[in-house]
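Here is structure.cif, consisting of mmCIF, C-alpha atoms:
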data_protein
#
loop_
_atom_site.label_atom_id
_atom_site.label_comp_id
_atom_site.auth_asym_id
_atom_site.auth_seq_id
_atom_site.Cartn_x
_atom_site.Cartn_y
_atom_site.Cartn_z
CA MET A 1 91.90 137.10 83.14
CA GLN A 2 88.98 136.86 85.56
CA ALA A 3 86.96 133.67 85.84
CA ALA A 4 83.27 133.93 85.02
CA VAL A 5 82.86 130.17 85.55
CA SER A 6 85.39 127.82 87.16
CA VAL A 7 85.66 124.04 86.98
CA THR A 8 87.21 121.41 89.23
CA PRO A 9 89.98 119.06 88.02
CA SER A 10 87.55 116.16 87.57
CA ARG A 11 85.69 118.14 84.87
CA VAL A 12 88.79 119.04 82.85
CA PRO A 13 89.33 115.77 80.90
CA GLU A 14 85.72 115.82 79.68
CA LEU A 15 85.97 119.46 78.64
CA LEU A 16 89.32 118.99 76.91
CA LEU A 17 87.99 115.99 75.01
CA GLY A 18 85.24 118.13 73.55
CA LEU A 19 87.26 121.33 73.12
CA ALA A 20 90.94 120.62 72.55
CA THR A 21 90.25 118.08 69.80
CA VAL A 22 88.67 120.80 67.67
CA ARG A 23 90.14 124.10 68.90
CA PRO A 24 93.10 125.32 71.01
CA VAL A 25 92.37 125.67 74.74
CA PHE A 26 93.92 127.82 77.45
CA LEU A 27 93.77 126.47 81.01
CA TRP A 28 93.91 129.18 83.68
CA GLY A 29 94.54 128.59 87.37
CA ALA A 30 96.59 129.38 90.45
CA PRO A 31 100.12 127.95 90.83
CA GLY A 32 100.40 124.40 92.04
CA ILE A 33 96.84 123.17 91.49
CA GLY A 34 97.72 120.60 88.83
CA LYS A 35 97.30 122.25 85.42
CA SER A 36 100.38 120.64 83.89
CA SER A 37 99.58 117.19 85.29
CA LEU A 38 96.04 117.37 83.93
CA VAL A 39 97.28 118.18 80.43
CA ARG A 40 99.90 115.40 80.47
CA ASP A 41 97.36 112.86 81.75
CA PHE A 42 94.84 113.96 79.12
CA ALA A 43 97.39 113.56 76.33
CA GLU A 44 98.31 110.11 77.63
CA SER A 45 94.63 109.11 77.68
CA LEU A 46 94.51 109.90 73.94
CA GLY A 47 97.72 108.02 73.26
CA LEU A 48 99.53 111.24 72.32
CA GLU A 49 103.00 112.30 73.33
CA CYS A 50 102.90 115.55 75.33
CA VAL A 51 105.53 118.03 74.15
CA SER A 52 105.87 120.89 76.63
CA LEU A 53 107.23 124.33 75.76
CA LEU A 54 107.81 126.71 78.66
CA GLY A 55 106.87 130.25 77.70
CA THR A 56 109.37 131.89 80.05
CA GLN A 57 112.28 130.04 78.42
CA LEU A 58 111.49 130.72 74.77
CA ALA A 59 112.62 133.23 72.19
CA PRO A 60 110.71 133.81 68.91
CA GLU A 61 113.31 131.88 66.93
CA ASP A 62 112.72 128.85 69.18
CA LEU A 63 109.32 128.58 67.50
CA ILE A 64 109.81 130.05 64.05
CA GLY A 65 113.15 128.29 63.60
CA VAL A 66 116.27 129.47 61.82
CA PRO A 67 116.45 130.29 58.11
CA GLN A 68 118.19 128.07 55.59
CA ILE A 69 118.90 128.71 51.91
CA ARG A 70 117.14 126.32 49.53
CA ASP A 71 117.27 126.87 45.79
CA GLY A 72 118.32 130.44 46.35
CA ARG A 73 115.51 131.20 48.77
CA SER A 74 115.43 131.40 52.58
CA VAL A 75 113.25 128.86 54.33
CA PHE A 76 112.56 128.79 58.04
CA CYS A 77 113.06 125.39 59.63
CA PRO A 78 111.01 124.89 62.80
CA PRO A 79 112.72 123.09 65.69
CA GLN A 80 112.61 119.32 65.98
CA ALA A 81 110.57 119.53 69.20
CA ILE A 82 107.68 120.98 67.18
CA ALA A 83 108.20 119.61 63.67
CA ARG A 84 107.04 116.00 64.13
CA ASP A 85 105.56 113.49 61.75
CA GLU A 86 103.13 111.86 64.18
CA PRO A 87 100.22 113.63 65.91
CA TYR A 88 100.99 114.90 69.42
CA CYS A 89 99.83 117.25 72.17
CA LEU A 90 101.63 120.59 72.06
CA PHE A 91 101.48 122.01 75.58
CA LEU A 92 102.32 125.71 75.83
CA ASP A 93 102.97 126.06 79.55
CA GLU A 94 103.19 129.53 81.11
CA LEU A 95 102.15 130.94 77.75
CA ASN A 96 101.01 134.24 79.25
CA ALA A 97 104.38 134.64 80.98
CA ALA A 98 106.15 134.73 77.62
CA THR A 99 107.32 138.02 76.13
CA PRO A 100 105.01 139.77 73.64
CA ASP A 101 107.26 138.70 70.72
CA VAL A 102 107.02 135.06 71.76
CA GLN A 103 103.26 135.31 72.23
CA LYS A 104 103.02 136.80 68.74
CA ALA A 105 105.07 133.91 67.35
CA PHE A 106 102.41 131.52 68.66
CA TYR A 107 99.57 133.16 66.70
CA SER A 108 99.76 131.05 63.54
CA LEU A 109 100.61 127.91 65.49
CA ILE A 110 97.55 128.32 67.69
CA LEU A 111 95.05 129.47 65.09
CA ASP A 112 96.26 127.85 61.85
CA ARG A 113 98.20 124.96 63.44
CA ARG A 114 101.24 125.79 61.34
CA ILE A 115 104.61 127.56 61.47
CA GLY A 116 105.95 128.60 58.09
CA ASP A 117 105.57 125.61 55.78
CA TYR A 118 105.20 123.12 58.64
CA GLU A 119 101.69 122.07 59.67
CA LEU A 120 100.85 120.06 62.77
CA PRO A 121 99.94 116.47 61.87
CA GLU A 122 96.25 115.66 61.71
CA GLY A 123 95.02 114.63 65.16
CA SER A 124 97.39 116.93 67.06
CA ILE A 125 96.03 119.17 69.81
CA VAL A 126 97.24 122.50 71.23
CA ILE A 127 96.71 123.40 74.89
CA GLY A 128 98.07 126.43 76.72
CA ALA A 129 98.18 127.08 80.46
CA GLY A 130 99.13 129.90 82.77
CA ASN A 131 98.68 131.63 86.09
CA ARG A 132 96.64 134.75 86.66
CA ALA A 133 98.05 138.15 87.58
CA THR A 134 95.94 138.02 90.75
CA ASP A 135 98.01 135.01 91.88
CA ASN A 136 101.11 137.18 92.33
CA ALA A 137 102.75 135.07 89.62
CA LEU A 138 104.67 136.14 86.53
CA ALA A 139 101.88 136.96 84.09
CA ARG A 140 102.04 139.40 81.20
CA PRO A 141 99.03 140.97 79.49
CA VAL A 142 97.73 138.77 76.67
CA ALA A 143 96.86 140.58 73.45
CA SER A 144 93.23 140.44 72.41
CA ALA A 145 94.26 138.75 69.15
CA LEU A 146 95.70 135.84 71.14
CA VAL A 147 92.85 135.75 73.67
CA ASN A 148 90.40 135.44 70.79
CA ARG A 149 92.31 132.48 69.33
CA LEU A 150 91.69 130.29 72.39
CA THR A 151 88.85 128.77 74.37
CA HIS A 152 89.44 129.65 78.03
CA VAL A 153 88.83 127.25 80.93
CA HIS A 154 89.37 128.38 84.52
CA LEU A 155 90.49 125.72 86.99
CA GLU A 156 89.92 125.79 90.75
CA ALA A 157 91.39 123.52 93.40
CA SER A 158 89.09 120.78 94.68
CA ALA A 159 89.88 118.89 97.88
CA LYS A 160 87.43 116.14 96.90
CA ASP A 161 89.15 115.55 93.56
CA TRP A 162 92.64 115.75 95.02
CA LEU A 163 91.91 113.37 97.90
CA LYS A 164 90.44 110.86 95.47
CA TRP A 165 93.59 111.10 93.37
CA ALA A 166 95.87 111.02 96.42
CA ALA A 167 94.35 107.78 97.73
CA GLY A 168 95.78 105.91 94.75
CA ASN A 169 99.08 107.74 94.34
CA ASP A 170 101.11 106.91 97.44
CA ILE A 171 100.47 110.18 99.27
CA HIS A 172 101.73 109.90 102.84
CA PRO A 173 98.99 108.79 105.27
CA TRP A 174 99.57 111.81 107.53
CA VAL A 175 98.91 114.18 104.62
CA LEU A 176 95.93 112.19 103.38
CA ASP A 177 94.29 111.91 106.79
CA HIS A 178 94.96 115.52 107.77
CA LEU A 179 93.47 116.91 104.56
CA THR A 180 90.52 114.57 104.84
CA ASP A 181 89.83 116.24 108.18
CA ARG A 182 90.81 119.75 107.02
CA PRO A 183 90.10 119.96 103.26
CA ASP A 184 90.15 123.77 103.51
CA HIS A 185 93.92 123.54 104.05
CA LEU A 186 94.60 122.06 100.60
CA TRP A 187 95.01 125.46 98.96
CA SER A 188 95.55 129.01 100.08
CA LYS A 189 95.76 132.21 98.07
CA PRO A 190 99.33 133.05 97.04
CA PRO A 191 100.73 135.65 99.46
CA LYS A 192 102.07 139.02 98.42
CA THR A 193 105.34 138.30 100.20
CA GLU A 194 107.93 135.66 99.34
CA GLU A 195 106.90 132.75 101.55
CA PRO A 196 105.62 129.20 101.04
CA PHE A 197 101.91 128.66 100.58
CA SER A 198 99.69 125.59 100.47
CA THR A 199 98.74 124.04 97.13
CA PRO A 200 98.11 120.47 95.98
CA ARG A 201 101.68 120.53 94.64
CA SER A 202 103.21 121.67 97.95
CA TRP A 203 101.29 118.98 99.89
CA HIS A 204 102.62 116.43 97.39
CA MET A 205 106.14 117.78 97.99
CA LEU A 206 105.65 117.45 101.74
CA SER A 207 104.38 113.89 101.27
CA ASP A 208 107.49 112.96 99.28
CA ALA A 209 109.70 114.44 102.00
CA LEU A 210 107.86 112.52 104.73
CA HIS A 211 108.33 109.28 102.81
CA SER A 212 112.02 110.11 102.36
CA PHE A 213 112.70 110.71 106.08
CA GLY A 214 110.63 107.74 107.21
CA ARG A 215 109.48 106.82 110.71
CA ASP A 216 112.47 108.35 112.48
CA LEU A 217 111.48 111.90 111.51
CA ASP A 218 112.03 114.18 114.52
CA GLU A 219 110.01 117.26 115.52
CA ASP A 220 112.63 119.78 114.40
CA THR A 221 112.90 118.23 110.94
CA LEU A 222 109.12 118.04 110.64
CA ALA A 223 108.97 121.77 111.41
CA VAL A 224 111.47 122.49 108.62
CA LEU A 225 109.53 120.37 106.12
CA ALA A 226 106.08 121.73 107.00
CA HIS A 227 107.06 125.40 107.14
CA GLY A 228 109.17 124.98 104.02
CA THR A 229 106.21 123.87 101.91
CA LEU A 230 102.96 125.15 103.44
CA THR A 231 101.20 128.32 104.49
CA PRO A 232 102.46 129.09 108.04
CA ALA A 233 99.08 128.49 109.71
CA HIS A 234 98.64 125.22 107.81
CA ALA A 235 102.15 124.11 108.72
CA THR A 236 101.43 124.71 112.41
CA ALA A 237 98.16 122.81 112.17
CA PHE A 238 99.82 119.89 110.39
CA ARG A 239 102.53 119.65 113.03
CA GLY A 240 99.82 119.61 115.68
CA TYR A 241 98.05 116.82 113.83
CA VAL A 242 101.24 114.75 113.65
CA LYS A 243 101.69 115.15 117.41
CA ILE A 244 98.16 113.87 117.89
CA VAL A 245 98.88 110.87 115.67
CA ARG A 246 102.05 110.10 117.58
CA SER A 247 100.61 110.65 121.05
CA ARG A 248 96.97 109.70 120.40
CA TYR A 249 96.06 113.01 122.00
CA GLY A 250 92.87 114.27 120.33
CA ILE A 251 90.11 116.81 120.71
CA GLU A 252 87.68 114.09 121.81
CA ALA A 253 89.74 113.50 124.95
CA VAL A 254 89.71 117.23 125.72
CA LEU A 255 85.97 117.57 125.14
CA LYS A 256 85.20 114.60 127.38
CA GLY A 257 87.51 115.85 130.10
CA ASP A 258 89.81 112.85 129.77
CA ALA A 259 92.75 115.12 128.94
CA PRO A 260 93.55 118.80 129.61
CA TRP A 261 94.70 121.40 127.12
CA PRO A 262 98.46 120.92 126.65
CA ARG A 263 100.35 123.60 128.56
CA GLY A 264 103.97 123.09 127.53
CA VAL A 265 105.67 125.67 125.35
CA GLU A 266 106.93 122.80 123.19
CA ASP A 267 103.29 121.78 122.57
CA ARG A 268 102.10 125.16 121.32
CA ASP A 269 101.54 123.86 117.77
CA LEU A 270 99.46 121.02 119.26
CA LEU A 271 97.46 123.57 121.26
CA TYR A 272 96.73 125.59 118.10
CA TYR A 273 95.63 122.46 116.28
CA LEU A 274 93.33 121.37 119.10
CA ALA A 275 91.87 124.88 119.34
CA ASP A 276 91.19 124.85 115.61
CA SER A 277 89.51 121.44 115.91
CA PHE A 278 87.49 122.77 118.86
CA ARG A 279 86.33 125.73 116.76
CA GLY A 280 85.30 123.39 113.94
CA ARG A 281 83.31 121.25 116.36
CA LEU A 282 81.46 124.30 117.70
CA VAL A 283 80.63 125.51 114.20
CA LYS A 284 79.18 122.09 113.46
CA GLU A 285 77.24 121.50 116.70
CA LEU A 286 76.01 124.92 117.91
CA PRO A 287 72.74 126.09 116.30
CA ALA A 288 72.47 129.58 114.80
CA VAL A 289 69.54 130.37 117.13
CA ARG A 290 69.82 129.61 120.84
CA GLU A 291 66.13 128.64 121.14
CA HIS A 292 66.68 125.83 118.66
CA MET A 293 69.31 124.21 120.84
CA SER A 294 68.82 120.59 121.87
CA PRO A 295 69.73 119.27 125.34
CA LYS A 296 72.95 117.92 123.83
CA GLY A 297 73.63 121.35 122.32
CA ARG A 298 73.15 123.06 125.69
CA GLN A 299 75.61 120.65 127.22
CA THR A 300 78.06 121.34 124.41
CA ALA A 301 77.71 125.12 124.87
CA TYR A 302 78.22 124.88 128.64
CA ARG A 303 81.29 122.67 128.20
CA ALA A 304 82.61 124.95 125.44
CA LYS A 305 82.56 128.04 127.65
CA SER A 306 84.37 126.15 130.39
CA LEU A 307 87.00 124.93 127.94
CA LEU A 308 87.42 128.46 126.55
CA VAL A 309 88.14 129.76 130.04
CA GLN A 310 90.74 127.03 130.56
CA LEU A 311 92.26 127.72 127.15
CA ALA A 312 92.46 131.48 127.81
CA GLU A 313 94.30 130.80 131.07
CA ILE A 314 97.00 129.08 129.02
CA SER A 315 97.00 131.47 126.06
CA VAL A 316 94.59 134.29 125.30
CA GLU A 317 96.02 134.40 121.78
CA VAL A 318 95.13 130.77 121.08
CA ALA A 319 91.70 131.16 122.69
CA ARG A 320 91.02 134.11 120.39
CA THR A 321 91.37 131.84 117.36
CA VAL A 322 88.32 129.87 118.52
CA ILE A 323 85.95 132.86 118.48
CA ALA A 324 87.66 134.83 115.69
CA SER A 325 85.77 136.05 112.61
CA ASP A 326 86.58 134.75 109.14
CA ALA A 327 88.91 136.45 106.67
CA ASP A 328 86.15 138.83 105.58
CA GLY A 329 85.35 139.86 109.16
CA ASN A 330 82.14 137.84 109.43
CA PRO A 331 81.42 135.89 112.65
CA VAL A 332 81.87 132.14 112.34
CA LEU A 333 80.31 131.07 115.64
CA PRO A 334 76.65 131.86 116.46
CA ALA A 335 76.02 135.40 117.73
CA TRP A 336 74.33 134.20 120.92
CA PHE A 337 77.40 132.17 121.84
CA LEU A 338 79.71 135.13 121.23
CA VAL A 339 77.49 137.30 123.45
CA GLU A 340 77.73 134.75 126.26
CA ALA A 341 81.47 134.50 125.72
CA ALA A 342 81.73 138.29 126.05
CA ARG A 343 79.74 138.19 129.26
CA ASP A 344 81.68 135.32 130.84
CA MET A 345 85.12 136.17 129.46
CA PRO A 346 85.49 139.93 128.92
CA ARG A 347 89.28 139.65 128.89
CA LEU A 348 89.12 137.28 125.93
CA VAL A 349 86.78 139.52 123.95
CA GLU A 350 88.86 142.63 124.69
CA ALA A 351 91.90 140.85 123.30
CA ARG A 352 89.90 139.98 120.18
CA ARG A 353 89.22 143.66 119.37
#
Exercise: express the given structure as structure tokens:
Amino acid sequence: MQAAVSVTPSRVPELLLGLATVRPVFLWGAPGIGKSSLVRDFAESLGLECVSLLGTQLAPEDLIGVPQIRDGRSVFCPPQAIARDEPYCLFLDELNAATPDVQKAFYSLILDRRIGDYELPEGSIVIGAGNRATDNALARPVASALVNRLTHVHLEASAKDWLKWAAGNDIHPWVLDHLTDRPDHLWSKPPKTEEPFSTPRSWHMLSDALHSFGRDLDEDTLAVLAHGTLTPAHATAFRGYVKIVRSRYGIEAVLKGDAPWPRGVEDRDLLYYLADSFRGRLVKELPAVREHMSPKGRQTAYRAKSLLVQLAEISVEVARTVIASDADGNPVLPAWFLVEAARDMPRLVEARR
């Protein structure tokens, strides 16, 4: 299912209030961006119990129930989890990961709000959720008959929404401050290989682990925690940030000349983090056209080239990350600056090719 229009988490409660109270809704989104939490919180806001059914763990009889003989006739008795007397929120999580037979068993429940003789109590709502096939997650094709029984809402991760939520939910200060500075690290596209990747959920997991280990957390343990939950590049950047917090060693000191680039092998993650911060500063302060540069900008450009030379002397690989193109191959830094970098540092540019 491809998204024509996506919404951020802050929009979901409003949309569900208008949609889910009259028709079933399917919430699409990448793993770990908070679909399940949003549904549970929405149900709670309506004063409804949220009953979750996990599509990957169901068989058709788990929904239809088992037959019993009454007055010489067989009657299907739906399970207690579904057959309730009071209105509730029925949450069909990972619905599109269920087998075709299970998906088919949901048809009448989703469209007619009934299974056999049992009908959902008035005031109940039905919400489904699932990942997309493009997320490298378990996702089966959804029959057109089921697609047409649902209103589809596509969710995207939002650093602004998550940081606002995190500020009031005991997220570790290191995680909160780092993502405030690098909101682009909140989420990364699921990789095609089996390795951790960054999502709001994985940052929350890392936060819980940091709280658990406390102030005495050592560098080796931090490396295990970060690389066990985050995209490798994000884990390296986070470890560099933590070193800055602990040593008060920041990019400002490097830019002003009050501190050199760290040279120790043990500080390589710090060096990557500082280089990334340096790149971000250049993107922000260097104009797209050289002629539009202010005196402060000229000073920044001159200092930047000097710092790039110093950085390349320590590690050409790390220096390359400063002038590298984005994921689509488009230059991030202004073209005029890259030309001057090529002229002053041919070795660095050759390594970039």
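Closest approach to A:His234 among A:Asp101, A:Asp276, A:Asp62, A:Asp328: A:Asp276, based on all atoms listed in the file.
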Cut-off 8 Å around (104.4, 114.7, 74.5) with all atoms listed in the file: residues as a list in words: Arg40, Ala43, Leu48, Glu49, Cys50, Val51, Ser52, Tyr88, Cys89, Leu90 and Phe91 of chain A
Starting from the displayed file, determine the output of the PyMOL selection byres ((chain A and resi 25) around 9) and express the residue list as a PyMOL selection string. chain A and resi 16+19-20+23-24+26-27+125-129+149-153
Residue nearest A:Thr193 among A:Ala341, A:Asp135, A:Met293, A:Gly329 (counting all atoms listed in the file): A:Asp135
Protein, DNA and RNA residues within 12 Å of (75.7, 121.4, 114.0), all atoms listed in the file, as an mmCIF file with C-alpha atoms, in the frame of the given file:
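The resulting file, result_34.cif, is reproduced below:
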data_model
loop_
_atom_site.group_PDB
_atom_site.id
_atom_site.type_symbol
_atom_site.label_atom_id
_atom_site.label_comp_id
_atom_site.auth_asym_id
_atom_site.auth_seq_id
_atom_site.Cartn_x
_atom_site.Cartn_y
_atom_site.Cartn_z
ATOM 1 C CA ARG A 279 86.330 125.730 116.760
ATOM 2 C CA GLY A 280 85.300 123.390 113.940
ATOM 3 C CA ARG A 281 83.310 121.250 116.360
ATOM 4 C CA LEU A 282 81.460 124.300 117.700
ATOM 5 C CA VAL A 283 80.630 125.510 114.200
ATOM 6 C CA LYS A 284 79.180 122.090 113.460
ATOM 7 C CA GLU A 285 77.240 121.500 116.700
ATOM 8 C CA LEU A 286 76.010 124.920 117.910
ATOM 9 C CA PRO A 287 72.740 126.090 116.300
ATOM 10 C CA ALA A 288 72.470 129.580 114.800
ATOM 11 C CA VAL A 289 69.540 130.370 117.130
ATOM 12 C CA HIS A 292 66.680 125.830 118.660
ATOM 13 C CA MET A 293 69.310 124.210 120.840
ATOM 14 C CA SER A 294 68.820 120.590 121.870
ATOM 15 C CA LYS A 296 72.950 117.920 123.830
ATOM 16 C CA GLY A 297 73.630 121.350 122.320
ATOM 17 C CA THR A 300 78.060 121.340 124.410
ATOM 18 C CA ALA A 301 77.710 125.120 124.870
ATOM 19 C CA LEU A 333 80.310 131.070 115.640
ATOM 20 C CA PRO A 334 76.650 131.860 116.460
#
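If all atoms listed in the file are the atoms counted, then among A:Thr8, A:Ser202, A:Ser212, A:Ser306 the closest residue to A:Ala235 is A:Ser202.
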Expressed in Å, the length from atom CA of A:His154 to atom CA of A:Asn169 is 24.8 Å
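Taking atom CA of A:Phe213 and atom CA of A:His178 as the two end points, the separation is 18.5 Å.
When all atoms listed in the file are used to compute distances to A:Lys192, the closest of the residues A:Ala319, A:Thr134, A:Val102, A:Ile82 turns out to be A:Thr134.
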Matched chain/residue IDs from the PyMOL selection byres ((chain A and resi 80) around 12), as a PyMOL selection string: chain A and resi 51+62-66+77-79+81-85+118
Near-A:Glu156 list (12 Å; only C-alpha atoms; drop same-chain fewer than 6 positions) as a PyMOL selection string: chain A and resi 3-12+27-35+131-132+162+186-189+199-200
Can I get the selection written as a PDB file, keeping the file's coordinate frame, with C-alpha atoms?
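Writing the result to selection18.pdb gives the following:
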ATOM      1  CA  ALA A   3      86.960 133.670  85.840  1.00  0.00           C
ATOM      2  CA  ALA A   4      83.270 133.930  85.020  1.00  0.00           C
ATOM      3  CA  VAL A   5      82.860 130.170  85.550  1.00  0.00           C
ATOM      4  CA  SER A   6      85.390 127.820  87.160  1.00  0.00           C
ATOM      5  CA  VAL A   7      85.660 124.040  86.980  1.00  0.00           C
ATOM      6  CA  THR A   8      87.210 121.410  89.230  1.00  0.00           C
ATOM      7  CA  PRO A   9      89.980 119.060  88.020  1.00  0.00           C
ATOM      8  CA  SER A  10      87.550 116.160  87.570  1.00  0.00           C
ATOM      9  CA  ARG A  11      85.690 118.140  84.870  1.00  0.00           C
ATOM     10  CA  VAL A  12      88.790 119.040  82.850  1.00  0.00           C
ATOM     11  CA  LEU A  27      93.770 126.470  81.010  1.00  0.00           C
ATOM     12  CA  TRP A  28      93.910 129.180  83.680  1.00  0.00           C
ATOM     13  CA  GLY A  29      94.540 128.590  87.370  1.00  0.00           C
ATOM     14  CA  ALA A  30      96.590 129.380  90.450  1.00  0.00           C
ATOM     15  CA  PRO A  31     100.120 127.950  90.830  1.00  0.00           C
ATOM     16  CA  GLY A  32     100.400 124.400  92.040  1.00  0.00           C
ATOM     17  CA  ILE A  33      96.840 123.170  91.490  1.00  0.00           C
ATOM     18  CA  GLY A  34      97.720 120.600  88.830  1.00  0.00           C
ATOM     19  CA  LYS A  35      97.300 122.250  85.420  1.00  0.00           C
ATOM     20  CA  ASN A 131      98.680 131.630  86.090  1.00  0.00           C
ATOM     21  CA  ARG A 132      96.640 134.750  86.660  1.00  0.00           C
ATOM     22  CA  TRP A 162      92.640 115.750  95.020  1.00  0.00           C
ATOM     23  CA  LEU A 186      94.600 122.060 100.600  1.00  0.00           C
ATOM     24  CA  TRP A 187      95.010 125.460  98.960  1.00  0.00           C
ATOM     25  CA  SER A 188      95.550 129.010 100.080  1.00  0.00           C
ATOM     26  CA  LYS A 189      95.760 132.210  98.070  1.00  0.00           C
ATOM     27  CA  THR A 199      98.740 124.040  97.130  1.00  0.00           C
ATOM     28  CA  PRO A 200      98.110 120.470  95.980  1.00  0.00           C
TER      29      PRO A 200
END
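Between atom CA of A:Glu195 and atom CA of A:Val316 the separation is 26.8 Å.
Using only C-alpha atoms for every distance, the candidate list A:Gly55, A:Pro87, A:Pro121, A:Pro173 yields A:Pro173 as the residue closest to A:His211.
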Applying the PyMOL selection byres ((chain A and resi 163) around 10) to the file I just gave you, which residues come out? Please list them as a list in words. Ser158, Ala159, Lys160, Asp161, Trp162, Lys164, Trp165, Ala166, Ala167, Gly168, Asn169, Ile171, Val175, Leu176, Asp177, Leu179, Thr180, Pro183, Leu186 and Pro200 of chain A
Given the block above, output stretch 175-198 of chain A with C-alpha atoms as a PDB file, in the first residue's frame.
ATOM      1  CA  VAL A 175      18.396  10.913  24.042  1.00  0.00           C
ATOM      2  CA  LEU A 176      16.170  13.979  24.276  1.00  0.00           C
ATOM      3  CA  ASP A 177      18.998  16.468  23.814  1.00  0.00           C
ATOM      4  CA  HIS A 178      20.698  14.519  21.026  1.00  0.00           C
ATOM      5  CA  LEU A 179      17.505  14.192  18.990  1.00  0.00           C
ATOM      6  CA  THR A 180      16.682  17.834  19.592  1.00  0.00           C
ATOM      7  CA  ASP A 181      19.995  18.602  17.900  1.00  0.00           C
ATOM      8  CA  ARG A 182      19.701  15.819  15.289  1.00  0.00           C
ATOM      9  CA  PRO A 183      15.969  15.232  14.645  1.00  0.00           C
ATOM     10  CA  ASP A 184      16.855  13.501  11.364  1.00  0.00           C
ATOM     11  CA  HIS A 185      18.233  10.606  13.426  1.00  0.00           C
ATOM     12  CA  LEU A 186      14.841   9.728  14.940  1.00  0.00           C
ATOM     13  CA  TRP A 187      13.934   7.339  12.134  1.00  0.00           C
ATOM     14  CA  SER A 188      15.730   5.557   9.342  1.00  0.00           C
ATOM     15  CA  LYS A 189      14.388   3.334   6.603  1.00  0.00           C
ATOM     16  CA  PRO A 190      14.386  -0.355   7.589  1.00  0.00           C
ATOM     17  CA  PRO A 191      17.473  -2.031   6.092  1.00  0.00           C
ATOM     18  CA  LYS A 192      17.350  -5.011   3.779  1.00  0.00           C
ATOM     19  CA  THR A 193      19.712  -6.909   6.071  1.00  0.00           C
ATOM     20  CA  GLU A 194      19.063  -8.102   9.609  1.00  0.00           C
ATOM     21  CA  GLU A 195      20.446  -5.264  11.701  1.00  0.00           C
ATOM     22  CA  PRO A 196      19.065  -2.690  14.155  1.00  0.00           C
ATOM     23  CA  PHE A 197      17.653   0.540  12.783  1.00  0.00           C
ATOM     24  CA  SER A 198      16.512   3.782  14.365  1.00  0.00           C
TER      25      SER A 198
END
